Amino acid sequence: MTINYLAFAIPAFFIFVYIEFKIAKYKNRSGIFKYESSVANFSVGIAERLLNLFIAASFYEVYRWVYNEYALLDISNKWYMWILLLLTTDFVWYWYHRLGHEINFLWAAHIVHHQSEEFNLTAAARITTIQAIFRNVFWCVLPLIGFHPNMIITILLVHGAYSFFTHTQLIGKLGWLENIFITPSLHGVHHASNEQYLDKNYGDVFVFWDKLFGTFQQEEEKPSYGLTHPIKSYSFLWQHFHYYLEIAEAYRRGKGIKEKWNAVFGSPALMDQNIRPVLERRFAQNKQNKSGKIRFKIYLNIQLIGVVALLTLLTALFGSIGPADRIAALLFALLTLINIGALLEQRKWIYYLEFIRIVFISAYIFNLYHAISLTIFPIAMLILLERWYSISKMYARYVFQT
């Protein structure tokens, strides 16, 4: 059995978040964490990690193909070339990141990272699979230059690990280091919606590129984190796809080729801000900032812990299980994440999603024993229980806030 040891990074992530939370509480700054927002952040990160399992290997193969077929140089792996690769990686990141803020269809993938109105280690998890795909297209510049794919993968792990620790408010300004590195203070500026902080500090590790291209900004006034026009939803689906809907609506409204072009390739700053409220009303997105009763949180926490355990197990054993089991685990996890988002918003339709999850897991278990037709029995039982005992009302009474 082959074990992917990167699976241990998942519990490590939660350990660091727990440590940050305990330190924040000790310093009387536990307000930098908000339950609903943290859960939403976790959900986005879990989905990206799950989907990335299915495509990560293909990224390496693309790098190898570009390197073998089109590499412009034959770069060695001497120590100073590793430093050059780190600098080059951060330079490519800068332009990928900057364009992600300046072009609508790229912003649609990246906006998810900026939706959180809290700035802590949980916010680092807000990366979508679509964003990861775009990012890896930019990374293809590295093997094209002539860096070996093995070197690239190693540096990307270091690069990603560094950026994780810049998502915290517990580390203040770091003096002269801020002339060299992107620090938590400088990255907090990037996540802020204050007018003077907008579109600043795109670098991931180094500040050189921001200073060179005029996008550097030190922290002055206290940052207000999140979007200039916050979304009104904790919905897993809405957070991922609302901006694509906005682009589609802007394209539909566009008069002439120029306006339609700008809807897709124009600047997010030019997007009609009246579109989002219209779509929020159309799709009934209206975030309620209520604290759930303990039974509600326990129920949600059990689901979150379960999906994290599933992600860890699937990551560790991904190379040893078949495609059908992989897809079944992925679908069940995604259904659960959608359920978690709907539960945060107290959407009544999640009862039916629960019905679907029960049927799904029953079908999977019966299929293991080549008896998929027996799935009809749990379906019939659920229907009868609803008819005789109104279990939907019981569900609402014990799960939803009243």
# chains A, B, ... in the order shown; residues from 1 in each chain; ligands from 1
$ select_by_dssp --residues "segment 120-254 of chain A" --states "alpha helix (DSSP H)" --output "MDAnalysis selection string"
chainID A and resid 129:139 141:145 149:164 184:190 208:212 236:253
$ residues_around --residues "Gly175 of chain A" --least-positions-apart "4" --cutoff "12 Å" --atoms "only C-alpha atoms" --output "PyMOL selection string"
chain A and resi 171+179-183+185-186+218-219
$ write_last_selection --atoms "N, CA and C atoms" --output "PDB file, in the first residue's frame"
ATOM      1  N   ILE A 171       0.944  38.638  14.347  1.00  0.00           N
ATOM      2  CA  ILE A 171       2.323  39.092  14.141  1.00  0.00           C
ATOM      3  C   ILE A 171       2.257  40.506  13.590  1.00  0.00           C
ATOM      4  N   ASN A 179      11.254  45.384   4.271  1.00  0.00           N
ATOM      5  CA  ASN A 179      11.900  45.886   3.052  1.00  0.00           C
ATOM      6  C   ASN A 179      12.315  44.756   2.125  1.00  0.00           C
ATOM      7  N   ILE A 180      12.179  43.514   2.612  1.00  0.00           N
ATOM      8  CA  ILE A 180      12.601  42.356   1.822  1.00  0.00           C
ATOM      9  C   ILE A 180      11.439  41.385   1.610  1.00  0.00           C
ATOM     10  N   PHE A 181      10.750  41.048   2.691  1.00  0.00           N
ATOM     11  CA  PHE A 181       9.734  39.995   2.630  1.00  0.00           C
ATOM     12  C   PHE A 181       8.313  40.548   2.764  1.00  0.00           C
ATOM     13  N   ILE A 182       7.376  39.803   2.181  1.00  0.00           N
ATOM     14  CA  ILE A 182       5.960  40.035   2.457  1.00  0.00           C
ATOM     15  C   ILE A 182       5.674  39.454   3.839  1.00  0.00           C
ATOM     16  N   THR A 183       5.293  40.302   4.756  1.00  0.00           N
ATOM     17  CA  THR A 183       5.026  39.905   6.133  1.00  0.00           C
ATOM     18  C   THR A 183       3.510  39.840   6.362  1.00  0.00           C
ATOM     19  N   SER A 185       1.726  41.696   8.193  1.00  0.00           N
ATOM     20  CA  SER A 185       1.217  43.067   8.129  1.00  0.00           C
ATOM     21  C   SER A 185       1.019  43.513   6.687  1.00  0.00           C
ATOM     22  N   LEU A 186       2.012  43.260   5.833  1.00  0.00           N
ATOM     23  CA  LEU A 186       1.920  43.668   4.430  1.00  0.00           C
ATOM     24  C   LEU A 186       0.860  42.868   3.683  1.00  0.00           C
ATOM     25  N   GLN A 218       2.632  50.064   2.750  1.00  0.00           N
ATOM     26  CA  GLN A 218       2.787  49.657   4.144  1.00  0.00           C
ATOM     27  C   GLN A 218       1.463  49.822   4.889  1.00  0.00           C
ATOM     28  N   GLU A 219       1.336  49.105   6.001  1.00  0.00           N
ATOM     29  CA  GLU A 219       0.147  49.252   6.829  1.00  0.00           C
ATOM     30  C   GLU A 219       0.213  50.571   7.591  1.00  0.00           C
TER      31      GLU A 219
END
$ closest_residue --among "A:Ala108, A:Thr168, A:Gln303, A:Ala284" --to "Leu245 of chain A" --atoms "only C-alpha atoms"
A:Ala108
$ closest_residue --among "A:Trp79, A:Tyr94, A:Trp139, A:Trp107" --to "Tyr202 of chain A" --atoms "only C-alpha atoms"
A:Tyr94
$ atom_distance --atom1 "atom CA of Tyr243 of chain A" --atom2 "atom CA of Gln169 of chain A"
27.7 Å
$ closest_residue --among "A:Leu51, A:Ala371, A:Val62, A:Ile247" --to "Leu106 of chain A" --atoms "only C-alpha atoms"
A:Ile247
$ closest_residue --among "A:His242, A:Arg49, A:Arg98, A:Arg64" --to "Ala125 of chain A" --atoms "only C-alpha atoms"
A:Arg49
$ closest_residue --among "A:Leu6, A:Leu317, A:Val39, A:Ala47" --to "Leu335 of chain A" --atoms "only C-alpha atoms"
A:Ala47
$ closest_atom_pairs --of "segment 126-214 of chain A" --to "segment 225-240 of chain A" --cutoff "8 Å" --atoms "only C-alpha atoms" --output "CSV"
residue,atom,partner,partner_atom,distance
A:Thr128,CA,A:His240,CA,7.6
A:Gly188,CA,A:Tyr225,CA,7.8
A:His191,CA,A:Tyr225,CA,5.7
A:Ala192,CA,A:Tyr225,CA,4.2
A:Ser193,CA,A:Thr228,CA,5.2
A:Asn194,CA,A:Thr228,CA,7.8
